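*Asks:* Contents are mmCIF, C-alpha atoms; file name input.cif:
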```
data_entry
loop_
_atom_site.label_atom_id
_atom_site.label_comp_id
_atom_site.auth_asym_id
_atom_site.auth_seq_id
_atom_site.Cartn_x
_atom_site.Cartn_y
_atom_site.Cartn_z
CA MET A 1 -13.97 -11.43 3.42
CA THR A 2 -11.20 -9.83 5.38
CA LYS A 3 -11.86 -6.32 6.68
CA ILE A 4 -9.29 -3.87 8.01
CA THR A 5 -10.07 -0.47 9.48
CA GLY A 6 -7.98 2.43 10.73
CA ILE A 7 -6.21 3.60 7.58
CA LYS A 8 -9.01 5.99 6.68
CA GLY A 9 -8.87 7.59 10.13
CA VAL A 10 -5.12 8.12 9.93
CA LYS A 11 -5.37 9.63 6.46
CA CYS A 12 -8.27 11.89 7.54
CA PHE A 13 -6.22 13.08 10.51
CA SER A 14 -3.23 13.80 8.27
CA TYR A 15 -5.35 15.68 5.74
CA SER A 16 -7.12 17.69 8.45
CA THR A 17 -3.86 18.77 10.10
CA SER A 18 -2.55 19.81 6.69
CA MET A 19 -5.69 21.86 6.05
CA ILE A 20 -5.41 23.52 9.48
CA SER A 21 -1.78 24.31 8.75
CA LEU A 22 -2.69 25.83 5.39
CA ALA A 23 -5.48 27.85 7.02
CA CYS A 24 -3.05 29.24 9.60
CA LEU A 25 -0.41 30.24 7.07
CA PRO A 26 -1.96 33.64 6.18
CA TYR A 27 -1.93 34.66 9.84
CA ILE A 28 1.66 33.48 10.21
CA PHE A 29 2.61 35.38 7.04
CA SER A 30 1.14 38.57 8.45
CA GLN A 31 3.07 38.16 11.71
CA SER A 32 6.33 37.05 10.10
CA ASN A 33 7.97 40.46 10.07
CA THR A 34 7.79 40.67 13.85
CA ILE A 35 8.91 37.07 14.42
CA PHE A 36 11.61 36.74 11.76
CA GLY A 37 13.49 39.84 10.78
CA ASN A 38 15.54 38.50 7.89
CA LEU A 39 14.45 36.85 4.65
CA PRO A 40 16.54 33.62 4.81
CA LEU A 41 14.95 32.64 8.13
CA GLN A 42 11.49 33.29 6.71
CA ILE A 43 12.21 31.13 3.67
CA LEU A 44 13.53 28.32 5.86
CA PHE A 45 10.54 28.50 8.23
CA TYR A 46 7.93 28.51 5.45
CA GLY A 47 9.78 25.78 3.59
CA VAL A 48 9.66 23.51 6.65
CA ILE A 49 5.97 24.21 7.28
CA GLY A 50 5.12 23.78 3.61
CA SER A 51 7.03 20.55 3.30
CA PHE A 52 5.29 19.02 6.31
CA THR A 53 1.95 20.22 4.99
CA VAL A 54 2.42 18.63 1.56
CA ILE A 55 4.91 15.80 2.07
CA THR A 56 3.25 14.10 5.05
CA PRO A 57 -0.05 13.25 3.31
CA ALA A 58 1.79 12.32 0.11
CA LEU A 59 4.17 10.02 1.99
CA LEU A 60 1.28 8.50 3.93
CA HIS A 61 -0.55 7.78 0.69
CA PHE A 62 2.56 6.26 -0.88
CA VAL A 63 3.00 3.92 2.10
CA THR A 64 -0.66 2.87 2.37
CA LYS A 65 -1.84 2.87 -1.26
CA GLY A 66 -1.53 -0.90 -1.56
CA TYR A 67 -2.96 -1.70 1.87
CA VAL A 68 -6.01 -3.89 1.36
CA ILE A 69 -8.91 -2.83 3.58
CA ARG A 70 -11.32 -5.51 2.33
CA LEU A 71 -10.75 -8.66 0.33
CA TYR A 72 -13.51 -10.68 -1.30
CA HIS A 73 -13.13 -14.12 -2.83
CA GLU A 74 -15.47 -15.54 -5.46
CA ALA A 75 -14.97 -19.29 -5.11
CA THR A 76 -16.76 -20.30 -8.31
CA THR A 77 -14.42 -18.31 -10.58
CA ASP A 78 -11.48 -18.22 -8.11
CA THR A 79 -11.22 -14.45 -8.44
CA TYR A 80 -10.47 -11.91 -5.75
CA LYS A 81 -11.57 -8.33 -5.30
CA ALA A 82 -9.20 -6.20 -3.22
CA ILE A 83 -10.48 -2.83 -1.97
CA THR A 84 -7.92 -0.09 -1.27
CA TYR A 85 -8.12 3.67 -0.73
CA ASN A 86 -6.85 6.16 -3.29
CA ILE A 87 -5.44 9.59 -2.46
CA VAL A 88 -8.87 11.24 -2.04
CA LEU A 89 -10.04 8.44 0.31
CA SER A 90 -12.47 6.84 -2.10
CA GLU A 91 -12.42 3.10 -2.48
CA THR A 92 -10.66 1.53 -5.44
CA SER A 93 -11.15 -2.09 -6.37
CA THR A 94 -8.71 -4.44 -8.04
CA VAL A 95 -10.10 -7.67 -9.46
CA PHE A 96 -7.63 -10.45 -10.10
CA HIS A 97 -7.48 -14.21 -10.49
CA GLN A 98 -5.47 -16.43 -8.17
CA ASN A 99 -3.13 -17.19 -11.09
CA ASP A 100 -2.32 -13.44 -11.33
CA VAL A 101 -0.75 -13.48 -7.85
CA LYS A 102 3.03 -13.21 -7.91
CA ILE A 103 5.02 -13.43 -4.69
CA PRO A 104 8.16 -11.25 -4.66
CA ASN A 105 11.45 -13.14 -4.56
CA SER A 106 12.72 -10.95 -1.75
CA THR A 107 10.77 -9.45 1.11
CA HIS A 108 9.38 -5.98 0.47
CA LEU A 109 8.32 -3.73 3.29
CA PHE A 110 4.91 -2.73 1.93
CA THR A 111 4.15 -5.63 -0.43
CA THR A 112 2.79 -9.07 0.36
CA PHE A 113 2.15 -9.99 -3.27
CA TYR A 114 1.62 -8.53 -6.72
CA ALA A 115 -1.81 -8.87 -8.32
CA LYS A 116 -1.19 -8.41 -12.03
CA THR A 117 1.10 -5.35 -11.75
CA LYS A 118 -0.26 -3.77 -8.56
CA SER A 119 1.51 -4.37 -5.28
CA LEU A 120 -0.84 -5.23 -2.42
CA LEU A 121 -0.31 -5.59 1.30
CA VAL A 122 -2.48 -7.90 3.41
CA ASN A 123 -2.16 -9.05 6.98
CA PRO A 124 -2.31 -12.86 7.08
CA MET A 125 -3.37 -12.80 10.74
CA LEU A 126 -6.68 -11.12 9.82
CA PHE A 127 -7.90 -14.03 7.70
CA PRO A 128 -10.54 -15.93 9.71
CA ASN A 129 -9.62 -19.13 7.85
CA HIS A 130 -5.88 -19.50 7.25
CA GLU A 131 -6.56 -21.87 4.35
CA ASP A 132 -7.98 -18.86 2.46
CA TYR A 133 -4.66 -17.04 2.81
CA ASN A 134 -2.76 -20.16 1.73
CA HIS A 135 -4.95 -20.44 -1.36
CA LEU A 136 -4.53 -16.75 -2.20
CA MET A 137 -0.76 -17.00 -2.02
CA GLY A 138 -0.69 -20.30 -3.91
CA TYR A 139 0.75 -22.23 -0.98
CA ASP A 140 -1.85 -24.97 -1.48
CA LYS A 141 -0.46 -25.87 -4.91
CA PRO A 142 1.76 -28.95 -5.17
CA PHE A 143 5.46 -28.28 -5.39
CA THR A 144 8.52 -30.33 -6.20
CA PHE A 145 12.16 -30.33 -5.22
CA ASP A 146 13.25 -31.47 -8.69
CA LYS A 147 15.78 -29.00 -10.12
CA GLU A 148 15.19 -30.14 -13.70
CA GLU A 149 11.55 -29.02 -13.66
CA ASP A 150 12.58 -25.58 -12.43
CA ASN A 151 15.14 -25.25 -15.22
CA GLU A 152 12.57 -26.23 -17.85
CA LYS A 153 10.21 -23.48 -16.67
CA LYS A 154 12.92 -20.77 -16.92
CA PRO A 155 13.21 -18.86 -20.18
CA LEU A 156 16.54 -19.29 -21.95
CA GLY A 157 17.55 -15.66 -21.38
CA ASP A 158 17.40 -15.95 -17.58
CA GLU A 159 20.31 -18.40 -17.23
CA GLU A 160 23.21 -17.17 -15.15
#
```
Kindly present the structure from the file in structure tokens form.
*Replies:*
Amino acid sequence: MTKITGIKGVKCFSYSTSMISLACLPYIFSQSNTIFGNLPLQILFYGVIGSFTVITPALLHFVTKGYVIRLYHEATTDTYKAITYNIVLSETSTVFHQNDVKIPNSTHLFTTFYAKTKSLLVNPMLFPNHEDYNHLMGYDKPFTFDKEEDNEKKPLGDEE
């Protein structure tokens, strides 16, 4: 099991600052005539505050939705259970087999691998046994340098 903490605290902080901002908006609305005299400045000011209030938690969720906080491995069936947080900070589990793991061809900023169709991000340095990470990623499987075997595995439509 690999356990990662800290994401929940960051998301809670972001949500709490958004709630405080929303709670302060009625007071700011009531004082807006003395601070901003004209309507375009008011619209700009409230647009900026509103965008930070809504966009920051949404962007934070988009960045961290695939971040695995716990990862369990069932050795007998060779299945994994990845625990992530959803937008309301409850845990969501994704169960997948090692054969479902697909490594992206190019490096992605917030993706280590795809489990079925879900992109997941894990930190390889947090695995107590690095052989577990190698097995998860399929690095322990035999490989060959033979070009003919690679061409046989490709579907006919993928030729360039």
*Asks:* Determine the residue membership of the PyMOL selection byres ((chain A and resi 127) around 12) for the file above and supply it as a PyMOL selection string.
*Replies:* chain A and resi 1-4+69-73+122-126+128-136
*Asks:* What would the selection look like, as a PyMOL selection string, if the PyMOL selection byres ((chain A and resi 76-91) around 12) were run on the coordinates I just shared?
*Replies:* chain A and resi 1-15+57-75+92-101+113-116+118-122+132-133+135-138
*Asks:* Applying 12 Å and all atoms listed in the file, which residues near range 49-51 of chain A remain after dropping the ones on its own chain fewer than 3 positions away? List them as an mmCIF file with C-alpha atoms, keeping the file's coordinate frame.
*Replies:*
```
data_model
loop_
_atom_site.group_PDB
_atom_site.id
_atom_site.type_symbol
_atom_site.label_atom_id
_atom_site.label_comp_id
_atom_site.auth_asym_id
_atom_site.auth_seq_id
_atom_site.Cartn_x
_atom_site.Cartn_y
_atom_site.Cartn_z
ATOM 1 C CA THR A 17 -3.860 18.770 10.100
ATOM 2 C CA SER A 18 -2.550 19.810 6.690
ATOM 3 C CA MET A 19 -5.690 21.860 6.050
ATOM 4 C CA ILE A 20 -5.410 23.520 9.480
ATOM 5 C CA SER A 21 -1.780 24.310 8.750
ATOM 6 C CA LEU A 22 -2.690 25.830 5.390
ATOM 7 C CA ALA A 23 -5.480 27.850 7.020
ATOM 8 C CA CYS A 24 -3.050 29.240 9.600
ATOM 9 C CA LEU A 25 -0.410 30.240 7.070
ATOM 10 C CA ILE A 28 1.660 33.480 10.210
ATOM 11 C CA PHE A 29 2.610 35.380 7.040
ATOM 12 C CA GLN A 42 11.490 33.290 6.710
ATOM 13 C CA ILE A 43 12.210 31.130 3.670
ATOM 14 C CA LEU A 44 13.530 28.320 5.860
ATOM 15 C CA PHE A 45 10.540 28.500 8.230
ATOM 16 C CA TYR A 46 7.930 28.510 5.450
ATOM 17 C CA VAL A 54 2.420 18.630 1.560
ATOM 18 C CA ILE A 55 4.910 15.800 2.070
ATOM 19 C CA THR A 56 3.250 14.100 5.050
ATOM 20 C CA PRO A 57 -0.050 13.250 3.310
ATOM 21 C CA ALA A 58 1.790 12.320 0.110
ATOM 22 C CA LEU A 59 4.170 10.020 1.990
#
```
*Asks:* Have a look at CA of Lys141 in chain A and CA of His108 in chain A and let me know their distance in Å, one decimal.
*Replies:*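 Interatomic distance, CA of Lys141 in chain A to CA of His108 in chain A: 22.8 Å.
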*Asks:* Between CA of Ile103 in chain A and CA of Phe143 in chain A, what is the spacing in Å?
*Replies:* 14.9 Å
*Asks:* In Å, with one decimal, what is the gap from CA of Ser30 in chain A to CA of Ser16 in chain A?
*Replies:*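 Taking CA of Ser30 in chain A and CA of Ser16 in chain A, their separation equals 22.5 Å.
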